[in-house]
Amino acid sequence: MKFIALNNGKNMPMEGFGVFQVRDKEECRRSALDAIRAGYRLIDTAASYTNEDAVGAAIREAVAQGLCAREELFITSKMWVQDMENYDMARAAIDRSLKNLGLEYLDLYLLHQAMGDYFSAWRAMEDAYEEGKLRAIGVSNFYPNILTNFCETVRILPAVNQVELHPYFAQPDALETMAYYGVVPEAWAPLGGGRYNPFENEMLQEIAAAHKKSVGQVILRWNVQRGVVVIPKSTHMGTYKEKQRRDMWKCLNFGTL
């Protein structure tokens, strides 16, 4: 498994599994458990996804089955904007996410958007980080100008910025800003979010054929080779997409392009 070092010395897997829009609790639990069984160790959820409890159930089941130890997992959640009105609300949101997940600590916790009083919310996260409730803290959807102002203001720099990153939205300026401040980029919608039909793209097909890989492997590897963490999603075991996901995992960890 590939890891990337965060600015606080913690190691984060380079490839993870997302559960955005998996609102059915049983489907989310099963999908997260299948991902852990397939080898994923990073699971990404959020308060606004309303499935933290299902991810927590999958974690407990995976540990009980001996698939992994809790310490081997890297669990991420995010604070939604409704909880960024003040410090106390943010503190309550952190504790609520921990309770929903049934965890004593989160490996990474993010501000989901740069909205509301996100500086007060960040101070609450800094305190929770120093208390050991959060092993790393970061942000999501922070554009370069916002991230620059933020990093020049806060006491603890964010470890991660999770933003949209894929071949159709490469964001070189955003990556340059993150690199300057030592913030690790993490890609949501790393396969394009179902909007660009990348699997039908002739150039990507030619690259994949030349390297005897799938188009999905090429797209994900492109981001990983840029130092970007990727979190693809699948909910269907045994389908073509699931086969692709397993192939991507093998490519990212055991092969090269």
# chains A, B, ... in the order shown; residues from 1 in each chain; ligands from 1
>>> residues_around(residues="range 160-175 of chain A", least_positions_apart="4", cutoff="9 Å", atoms="only C-alpha atoms", output="JSON, numbers by chain")
{"A": [6, 7, 108, 110, 112, 136, 137, 138, 139, 140, 141, 142, 143, 144, 145, 147, 179, 180, 182, 183, 184, 185, 186, 187, 188, 189, 190, 191, 192, 196, 198, 219, 220, 222, 223, 226, 228, 229, 230]}
>>> residues_around(residues="Asn100 in chain A", least_positions_apart="4", cutoff="12 Å", atoms="only C-alpha atoms", output="JSON list (two decimals) with all heavy atoms, in the first residue's frame")
[["chain", "number", "residue", "atom", "x", "y", "z"],
["A", 45, "THR", "N", -15.96, 9.62, 4.84],
["A", 45, "THR", "CA", -17.37, 9.93, 5.01],
["A", 45, "THR", "C", -17.50, 11.39, 5.44],
["A", 45, "THR", "O", -16.53, 12.16, 5.38],
["A", 45, "THR", "CB", -18.03, 8.98, 6.04],
["A", 45, "THR", "OG1", -19.44, 9.26, 6.12],
["A", 45, "THR", "CG2", -17.42, 9.11, 7.42],
["A", 46, "ALA", "N", -18.69, 11.81, 5.82],
["A", 46, "ALA", "CA", -18.92, 13.19, 6.24],
["A", 46, "ALA", "C", -20.25, 13.26, 6.98],
["A", 46, "ALA", "O", -21.15, 12.44, 6.74],
["A", 46, "ALA", "CB", -18.95, 14.13, 5.04],
["A", 47, "ALA", "N", -20.37, 14.25, 7.86],
["A", 47, "ALA", "CA", -21.63, 14.43, 8.58],
["A", 47, "ALA", "C", -22.78, 14.63, 7.60],
["A", 47, "ALA", "O", -23.88, 14.10, 7.79],
["A", 47, "ALA", "CB", -21.51, 15.62, 9.52],
["A", 49, "TYR", "N", -23.22, 13.42, 4.73],
["A", 49, "TYR", "CA", -23.59, 12.21, 3.99],
["A", 49, "TYR", "C", -24.64, 11.39, 4.74],
["A", 49, "TYR", "O", -25.24, 10.49, 4.17],
["A", 49, "TYR", "CB", -22.38, 11.33, 3.73],
["A", 49, "TYR", "CG", -21.25, 11.94, 2.94],
["A", 49, "TYR", "CD1", -20.04, 11.27, 2.82],
["A", 49, "TYR", "CD2", -21.38, 13.18, 2.32],
["A", 49, "TYR", "CE1", -18.98, 11.81, 2.09],
["A", 49, "TYR", "CE2", -20.33, 13.72, 1.61],
["A", 49, "TYR", "CZ", -19.13, 13.04, 1.50],
["A", 49, "TYR", "OH", -18.08, 13.57, 0.79],
["A", 50, "THR", "N", -24.79, 11.68, 6.03],
["A", 50, "THR", "CA", -25.74, 11.00, 6.92],
["A", 50, "THR", "C", -25.51, 9.49, 6.96],
["A", 50, "THR", "O", -26.45, 8.71, 7.13],
["A", 50, "THR", "CB", -27.21, 11.28, 6.55],
["A", 50, "THR", "OG1", -27.53, 10.70, 5.28],
["A", 50, "THR", "CG2", -27.50, 12.77, 6.54],
["A", 51, "ASN", "N", -24.26, 9.05, 6.80],
["A", 51, "ASN", "CA", -23.98, 7.62, 6.87],
["A", 51, "ASN", "C", -22.77, 7.29, 7.75],
["A", 51, "ASN", "O", -22.18, 6.22, 7.62],
["A", 51, "ASN", "CB", -23.78, 7.04, 5.46],
["A", 51, "ASN", "CG", -22.69, 7.74, 4.66],
["A", 51, "ASN", "OD1", -21.82, 8.42, 5.22],
["A", 51, "ASN", "ND2", -22.71, 7.57, 3.34],
["A", 52, "GLU", "N", -22.39, 8.21, 8.62],
["A", 52, "GLU", "CA", -21.28, 7.94, 9.53],
["A", 52, "GLU", "C", -21.55, 6.69, 10.36],
["A", 52, "GLU", "O", -20.64, 5.88, 10.60],
["A", 52, "GLU", "CB", -21.04, 9.13, 10.46],
["A", 52, "GLU", "CG", -20.43, 10.35, 9.79],
["A", 52, "GLU", "CD", -20.32, 11.53, 10.73],
["A", 52, "GLU", "OE1", -21.29, 11.77, 11.50],
["A", 52, "GLU", "OE2", -19.30, 12.23, 10.70],
["A", 53, "ASP", "N", -22.80, 6.52, 10.81],
["A", 53, "ASP", "CA", -23.11, 5.36, 11.64],
["A", 53, "ASP", "C", -22.95, 4.06, 10.86],
["A", 53, "ASP", "O", -22.49, 3.05, 11.41],
["A", 53, "ASP", "CB", -24.53, 5.46, 12.21],
["A", 53, "ASP", "CG", -25.59, 5.71, 11.14],
["A", 53, "ASP", "OD1", -25.24, 6.05, 9.99],
["A", 53, "ASP", "OD2", -26.79, 5.57, 11.46],
["A", 54, "ALA", "N", -23.28, 4.06, 9.57],
["A", 54, "ALA", "CA", -23.12, 2.86, 8.75],
["A", 54, "ALA", "C", -21.65, 2.54, 8.54],
["A", 54, "ALA", "O", -21.25, 1.36, 8.57],
["A", 54, "ALA", "CB", -23.82, 3.05, 7.41],
["A", 55, "VAL", "N", -20.83, 3.56, 8.33],
["A", 55, "VAL", "CA", -19.39, 3.34, 8.21],
["A", 55, "VAL", "C", -18.84, 2.79, 9.52],
["A", 55, "VAL", "O", -18.01, 1.86, 9.53],
["A", 55, "VAL", "CB", -18.67, 4.65, 7.83],
["A", 55, "VAL", "CG1", -17.15, 4.49, 7.92],
["A", 55, "VAL", "CG2", -19.06, 5.07, 6.41],
["A", 56, "GLY", "N", -19.31, 3.33, 10.64],
["A", 56, "GLY", "CA", -18.88, 2.82, 11.93],
["A", 56, "GLY", "C", -19.22, 1.36, 12.12],
["A", 56, "GLY", "O", -18.43, 0.57, 12.66],
["A", 57, "ALA", "N", -20.41, 0.97, 11.67],
["A", 57, "ALA", "CA", -20.83, -0.44, 11.77],
["A", 57, "ALA", "C", -19.90, -1.32, 10.94],
["A", 57, "ALA", "O", -19.53, -2.44, 11.35],
["A", 57, "ALA", "CB", -22.27, -0.60, 11.31],
["A", 59, "ILE", "N", -16.78, -0.71, 10.19],
["A", 59, "ILE", "CA", -15.49, -0.77, 10.87],
["A", 59, "ILE", "C", -15.52, -1.82, 11.98],
["A", 59, "ILE", "O", -14.61, -2.66, 12.10],
["A", 59, "ILE", "CB", -15.12, 0.61, 11.45],
["A", 59, "ILE", "CG1", -14.88, 1.61, 10.31],
["A", 59, "ILE", "CG2", -13.90, 0.52, 12.36],
["A", 59, "ILE", "CD1", -14.80, 3.04, 10.77],
["A", 77, "SER", "N", -13.78, 12.06, 8.38],
["A", 77, "SER", "CA", -15.11, 12.64, 8.29],
["A", 77, "SER", "C", -14.96, 14.15, 8.18],
["A", 77, "SER", "O", -13.85, 14.68, 8.26],
["A", 77, "SER", "CB", -15.99, 12.25, 9.49],
["A", 77, "SER", "OG", -17.35, 12.59, 9.21],
["A", 93, "ALA", "N", -20.08, 19.21, 17.03],
["A", 93, "ALA", "CA", -20.09, 18.46, 15.78],
["A", 93, "ALA", "C", -19.01, 17.39, 15.76],
["A", 93, "ALA", "O", -19.22, 16.27, 15.28],
["A", 93, "ALA", "CB", -19.90, 19.41, 14.61],
["A", 94, "ILE", "N", -17.83, 17.73, 16.27],
["A", 94, "ILE", "CA", -16.74, 16.75, 16.34],
["A", 94, "ILE", "C", -17.15, 15.57, 17.20],
["A", 94, "ILE", "O", -16.99, 14.40, 16.81],
["A", 94, "ILE", "CB", -15.46, 17.42, 16.90],
["A", 94, "ILE", "CG1", -14.96, 18.49, 15.94],
["A", 94, "ILE", "CG2", -14.38, 16.36, 17.16],
["A", 94, "ILE", "CD1", -13.93, 19.42, 16.54],
["A", 95, "ASP", "N", -17.69, 15.86, 18.38],
["A", 95, "ASP", "CA", -18.11, 14.78, 19.29],
["A", 95, "ASP", "C", -19.24, 13.96, 18.68],
["A", 95, "ASP", "O", -19.30, 12.74, 18.87],
["A", 95, "ASP", "CB", -18.55, 15.37, 20.63],
["A", 95, "ASP", "CG", -17.38, 15.93, 21.43],
["A", 95, "ASP", "OD1", -16.23, 15.53, 21.17],
["A", 95, "ASP", "OD2", -17.62, 16.78, 22.32],
["A", 96, "ARG", "N", -20.12, 14.61, 17.93],
["A", 96, "ARG", "CA", -21.23, 13.89, 17.31],
["A", 96, "ARG", "C", -20.72, 12.93, 16.22],
["A", 96, "ARG", "O", -21.20, 11.79, 16.12],
["A", 96, "ARG", "CB", -22.22, 14.89, 16.71],
["A", 96, "ARG", "CG", -23.50, 14.27, 16.20],
["A", 96, "ARG", "CD", -24.60, 15.30, 16.07],
["A", 96, "ARG", "NE", -24.21, 16.46, 15.30],
["A", 96, "ARG", "CZ", -24.01, 17.69, 15.83],
["A", 96, "ARG", "NH1", -24.19, 17.92, 17.11],
["A", 96, "ARG", "NH2", -23.64, 18.70, 15.05],
["A", 104, "GLU", "N", -13.10, 6.38, 19.11],
["A", 104, "GLU", "CA", -12.48, 7.25, 20.10],
["A", 104, "GLU", "C", -11.71, 8.39, 19.45],
["A", 104, "GLU", "O", -11.47, 9.42, 20.09],
["A", 104, "GLU", "CB", -11.55, 6.43, 21.01],
["A", 104, "GLU", "CG", -12.27, 5.40, 21.87],
["A", 104, "GLU", "CD", -11.32, 4.66, 22.78],
["A", 104, "GLU", "OE1", -10.10, 4.92, 22.71],
["A", 104, "GLU", "OE2", -11.80, 3.82, 23.57],
["A", 105, "TYR", "N", -11.31, 8.18, 18.22],
["A", 105, "TYR", "CA", -10.58, 9.22, 17.50],
["A", 105, "TYR", "C", -10.83, 9.08, 16.01],
["A", 105, "TYR", "O", -11.22, 8.01, 15.52],
["A", 105, "TYR", "CB", -9.07, 9.15, 17.78],
["A", 105, "TYR", "CG", -8.41, 7.90, 17.21],
["A", 105, "TYR", "CD1", -7.88, 7.89, 15.91],
["A", 105, "TYR", "CD2", -8.31, 6.74, 17.96],
["A", 105, "TYR", "CE1", -7.28, 6.75, 15.39],
["A", 105, "TYR", "CE2", -7.71, 5.59, 17.46],
["A", 105, "TYR", "CZ", -7.19, 5.61, 16.17],
["A", 105, "TYR", "OH", -6.61, 4.49, 15.66],
["A", 106, "LEU", "N", -10.65, 10.17, 15.28],
["A", 106, "LEU", "CA", -10.68, 10.16, 13.82],
["A", 106, "LEU", "C", -9.27, 10.39, 13.31],
["A", 106, "LEU", "O", -8.51, 11.19, 13.87],
["A", 106, "LEU", "CB", -11.60, 11.26, 13.29],
["A", 106, "LEU", "CG", -13.08, 10.90, 13.20],
["A", 106, "LEU", "CD1", -13.93, 12.16, 13.14],
["A", 106, "LEU", "CD2", -13.34, 10.03, 11.98]]
>>> atom_distance(atom1="CA of Lys25 in chain A", atom2="CA of Val63 in chain A")
18.8 Å
>>> residues_around(residues="range 116-122 of chain A", least_positions_apart="3", cutoff="9 Å", atoms="only C-alpha atoms", output="ChimeraX atom specification")
/A:79,81-91,111,113,125-127,137-138,150,153-154,156
>>> closest_residue(among="A:Asn8, A:Glu61, A:Asn197, A:Pro13", to="Leu157 in chain A", atoms="only C-alpha atoms")
A:Asn8
>>> atom_distance(atom1="CA of Glu176 in chain A", atom2="CA of Ala114 in chain A")
19.2 Å
>>> select_by_dssp(residues="range 6-143 of chain A", states="helix (DSSP H, G or I)", output="PyMOL selection string")
chain A and resi 25-38+47-49+52-64+70-72+81-83+87-101+118-131
>>> atom_distance(atom1="CA of Ile4 in chain A", atom2="CA of Gly227 in chain A")
7.8 Å
>>> select_by_dssp(residues="range 59-155 of chain A", states="strand (DSSP E)", output="list in words")
Phe74, Ile75, Thr76, Ser77, Lys78, Met79, Leu108, Tyr109, Leu110, Leu111, Ile137, Gly138, Val139 and Ser140 of chain A
>>> write_last_selection(atoms="C-alpha atoms", output="PDB file, in the first residue's frame")
ATOM      1  CA  PHE A  74      -7.558   5.713   8.276  1.00  0.00           C
ATOM      2  CA  ILE A  75     -11.043   7.122   8.850  1.00  0.00           C
ATOM      3  CA  THR A  76     -11.994  10.580   7.616  1.00  0.00           C
ATOM      4  CA  SER A  77     -15.110  12.638   8.293  1.00  0.00           C
ATOM      5  CA  LYS A  78     -16.059  16.266   7.728  1.00  0.00           C
ATOM      6  CA  MET A  79     -17.878  19.064   9.553  1.00  0.00           C
ATOM      7  CA  LEU A 108      -8.564  12.958   9.704  1.00  0.00           C
ATOM      8  CA  TYR A 109     -11.303  15.531  10.140  1.00  0.00           C
ATOM      9  CA  LEU A 110     -12.038  18.251   7.585  1.00  0.00           C
ATOM     10  CA  LEU A 111     -13.941  21.497   7.297  1.00  0.00           C
ATOM     11  CA  ILE A 137      -7.091  18.089  10.619  1.00  0.00           C
ATOM     12  CA  GLY A 138      -7.658  19.622   7.222  1.00  0.00           C
ATOM     13  CA  VAL A 139     -10.040  21.350   4.878  1.00  0.00           C
ATOM     14  CA  SER A 140     -12.136  20.604   1.808  1.00  0.00           C
TER      15      SER A 140
END
>>> decode(residues="range 212-224 of chain A", atoms="all heavy atoms", output="PDB file, in the first residue's frame")
ATOM      1  N   LYS A 212      -1.404  -1.847 -21.068  1.00  0.00           N
ATOM      2  CA  LYS A 212      -2.161  -3.033 -20.656  1.00  0.00           C
ATOM      3  C   LYS A 212      -2.845  -2.802 -19.303  1.00  0.00           C
ATOM      4  O   LYS A 212      -2.817  -3.649 -18.412  1.00  0.00           O
ATOM      5  CB  LYS A 212      -1.274  -4.278 -20.612  1.00  0.00           C
ATOM      6  CG  LYS A 212      -0.712  -4.665 -21.982  1.00  0.00           C
ATOM      7  CD  LYS A 212       0.136  -5.915 -21.880  1.00  0.00           C
ATOM      8  CE  LYS A 212       0.555  -6.397 -23.260  1.00  0.00           C
ATOM      9  NZ  LYS A 212       1.303  -5.392 -24.038  1.00  0.00           N
ATOM     10  N   LYS A 213      -3.458  -1.642 -19.176  1.00  0.00           N
ATOM     11  CA  LYS A 213      -4.202  -1.263 -17.976  1.00  0.00           C
ATOM     12  C   LYS A 213      -5.603  -0.830 -18.390  1.00  0.00           C
ATOM     13  O   LYS A 213      -5.903  -0.679 -19.569  1.00  0.00           O
ATOM     14  CB  LYS A 213      -3.500  -0.111 -17.238  1.00  0.00           C
ATOM     15  CG  LYS A 213      -2.057  -0.379 -16.864  1.00  0.00           C
ATOM     16  CD  LYS A 213      -1.914  -1.497 -15.851  1.00  0.00           C
ATOM     17  CE  LYS A 213      -0.449  -1.696 -15.484  1.00  0.00           C
ATOM     18  NZ  LYS A 213      -0.277  -2.804 -14.515  1.00  0.00           N
ATOM     19  N   SER A 214      -6.473  -0.629 -17.401  1.00  0.00           N
ATOM     20  CA  SER A 214      -7.800  -0.101 -17.691  1.00  0.00           C
ATOM     21  C   SER A 214      -7.755   1.419 -17.697  1.00  0.00           C
ATOM     22  O   SER A 214      -6.825   2.042 -17.161  1.00  0.00           O
ATOM     23  CB  SER A 214      -8.809  -0.576 -16.637  1.00  0.00           C
ATOM     24  OG  SER A 214      -8.571   0.069 -15.398  1.00  0.00           O
ATOM     25  N   VAL A 215      -8.769   2.038 -18.280  1.00  0.00           N
ATOM     26  CA  VAL A 215      -8.862   3.497 -18.277  1.00  0.00           C
ATOM     27  C   VAL A 215      -8.925   4.013 -16.835  1.00  0.00           C
ATOM     28  O   VAL A 215      -8.298   5.023 -16.494  1.00  0.00           O
ATOM     29  CB  VAL A 215     -10.088   3.974 -19.084  1.00  0.00           C
ATOM     30  CG1 VAL A 215     -10.340   5.469 -18.875  1.00  0.00           C
ATOM     31  CG2 VAL A 215      -9.894   3.679 -20.565  1.00  0.00           C
ATOM     32  N   GLY A 216      -9.676   3.327 -15.984  1.00  0.00           N
ATOM     33  CA  GLY A 216      -9.758   3.733 -14.588  1.00  0.00           C
ATOM     34  C   GLY A 216      -8.407   3.729 -13.909  1.00  0.00           C
ATOM     35  O   GLY A 216      -8.079   4.631 -13.126  1.00  0.00           O
ATOM     36  N   GLN A 217      -7.584   2.712 -14.189  1.00  0.00           N
ATOM     37  CA  GLN A 217      -6.247   2.654 -13.619  1.00  0.00           C
ATOM     38  C   GLN A 217      -5.409   3.841 -14.067  1.00  0.00           C
ATOM     39  O   GLN A 217      -4.684   4.449 -13.269  1.00  0.00           O
ATOM     40  CB  GLN A 217      -5.567   1.344 -14.028  1.00  0.00           C
ATOM     41  CG  GLN A 217      -6.140   0.115 -13.335  1.00  0.00           C
ATOM     42  CD  GLN A 217      -5.556  -1.168 -13.903  1.00  0.00           C
ATOM     43  OE1 GLN A 217      -5.275  -1.261 -15.091  1.00  0.00           O
ATOM     44  NE2 GLN A 217      -5.380  -2.160 -13.053  1.00  0.00           N
ATOM     45  N   VAL A 218      -5.504   4.172 -15.347  1.00  0.00           N
ATOM     46  CA  VAL A 218      -4.735   5.290 -15.888  1.00  0.00           C
ATOM     47  C   VAL A 218      -5.127   6.600 -15.206  1.00  0.00           C
ATOM     48  O   VAL A 218      -4.268   7.383 -14.779  1.00  0.00           O
ATOM     49  CB  VAL A 218      -4.946   5.405 -17.410  1.00  0.00           C
ATOM     50  CG1 VAL A 218      -4.337   6.702 -17.953  1.00  0.00           C
ATOM     51  CG2 VAL A 218      -4.336   4.210 -18.120  1.00  0.00           C
ATOM     52  N   ILE A 219      -6.431   6.836 -15.079  1.00  0.00           N
ATOM     53  CA  ILE A 219      -6.900   8.091 -14.483  1.00  0.00           C
ATOM     54  C   ILE A 219      -6.452   8.219 -13.034  1.00  0.00           C
ATOM     55  O   ILE A 219      -5.950   9.264 -12.609  1.00  0.00           O
ATOM     56  CB  ILE A 219      -8.436   8.185 -14.569  1.00  0.00           C
ATOM     57  CG1 ILE A 219      -8.882   8.241 -16.037  1.00  0.00           C
ATOM     58  CG2 ILE A 219      -8.941   9.419 -13.826  1.00  0.00           C
ATOM     59  CD1 ILE A 219     -10.380   8.136 -16.209  1.00  0.00           C
ATOM     60  N   LEU A 220      -6.623   7.146 -12.257  1.00  0.00           N
ATOM     61  CA  LEU A 220      -6.245   7.213 -10.851  1.00  0.00           C
ATOM     62  C   LEU A 220      -4.735   7.321 -10.683  1.00  0.00           C
ATOM     63  O   LEU A 220      -4.238   8.074  -9.843  1.00  0.00           O
ATOM     64  CB  LEU A 220      -6.782   6.000 -10.096  1.00  0.00           C
ATOM     65  CG  LEU A 220      -8.309   5.928  -9.941  1.00  0.00           C
ATOM     66  CD1 LEU A 220      -8.695   4.712  -9.112  1.00  0.00           C
ATOM     67  CD2 LEU A 220      -8.863   7.193  -9.298  1.00  0.00           C
ATOM     68  N   ARG A 221      -4.003   6.553 -11.497  1.00  0.00           N
ATOM     69  CA  ARG A 221      -2.545   6.589 -11.389  1.00  0.00           C
ATOM     70  C   ARG A 221      -2.011   7.972 -11.739  1.00  0.00           C
ATOM     71  O   ARG A 221      -1.031   8.450 -11.154  1.00  0.00           O
ATOM     72  CB  ARG A 221      -1.938   5.530 -12.306  1.00  0.00           C
ATOM     73  CG  ARG A 221      -0.436   5.370 -12.124  1.00  0.00           C
ATOM     74  CD  ARG A 221      -0.105   4.732 -10.786  1.00  0.00           C
ATOM     75  NE  ARG A 221       1.325   4.641 -10.588  1.00  0.00           N
ATOM     76  CZ  ARG A 221       1.888   4.017  -9.561  1.00  0.00           C
ATOM     77  NH1 ARG A 221       1.138   3.429  -8.655  1.00  0.00           N
ATOM     78  NH2 ARG A 221       3.196   3.973  -9.440  1.00  0.00           N
ATOM     79  N   TRP A 222      -2.642   8.639 -12.701  1.00  0.00           N
ATOM     80  CA  TRP A 222      -2.244  10.000 -13.070  1.00  0.00           C
ATOM     81  C   TRP A 222      -2.255  10.918 -11.853  1.00  0.00           C
ATOM     82  O   TRP A 222      -1.312  11.684 -11.623  1.00  0.00           O
ATOM     83  CB  TRP A 222      -3.184  10.507 -14.156  1.00  0.00           C
ATOM     84  CG  TRP A 222      -3.029  11.963 -14.510  1.00  0.00           C
ATOM     85  CD1 TRP A 222      -2.093  12.519 -15.328  1.00  0.00           C
ATOM     86  CD2 TRP A 222      -3.859  13.038 -14.050  1.00  0.00           C
ATOM     87  NE1 TRP A 222      -2.280  13.879 -15.408  1.00  0.00           N
ATOM     88  CE2 TRP A 222      -3.349  14.218 -14.643  1.00  0.00           C
ATOM     89  CE3 TRP A 222      -4.971  13.113 -13.216  1.00  0.00           C
ATOM     90  CZ2 TRP A 222      -3.935  15.469 -14.405  1.00  0.00           C
ATOM     91  CZ3 TRP A 222      -5.551  14.359 -12.981  1.00  0.00           C
ATOM     92  CH2 TRP A 222      -5.031  15.517 -13.572  1.00  0.00           C
ATOM     93  N   ASN A 223      -3.308  10.852 -11.042  1.00  0.00           N
ATOM     94  CA  ASN A 223      -3.379  11.683  -9.851  1.00  0.00           C
ATOM     95  C   ASN A 223      -2.377  11.233  -8.796  1.00  0.00           C
ATOM     96  O   ASN A 223      -1.697  12.055  -8.176  1.00  0.00           O
ATOM     97  CB  ASN A 223      -4.796  11.664  -9.270  1.00  0.00           C
ATOM     98  CG  ASN A 223      -5.510  13.001  -9.432  1.00  0.00           C
ATOM     99  OD1 ASN A 223      -4.874  14.052  -9.516  1.00  0.00           O
ATOM    100  ND2 ASN A 223      -6.827  12.969  -9.459  1.00  0.00           N
ATOM    101  N   VAL A 224      -2.275   9.938  -8.574  1.00  0.00           N
ATOM    102  CA  VAL A 224      -1.347   9.431  -7.557  1.00  0.00           C
ATOM    103  C   VAL A 224       0.080   9.854  -7.877  1.00  0.00           C
ATOM    104  O   VAL A 224       0.843  10.245  -6.987  1.00  0.00           O
ATOM    105  CB  VAL A 224      -1.462   7.896  -7.432  1.00  0.00           C
ATOM    106  CG1 VAL A 224      -0.323   7.328  -6.594  1.00  0.00           C
ATOM    107  CG2 VAL A 224      -2.805   7.515  -6.812  1.00  0.00           C
TER     108      VAL A 224
END
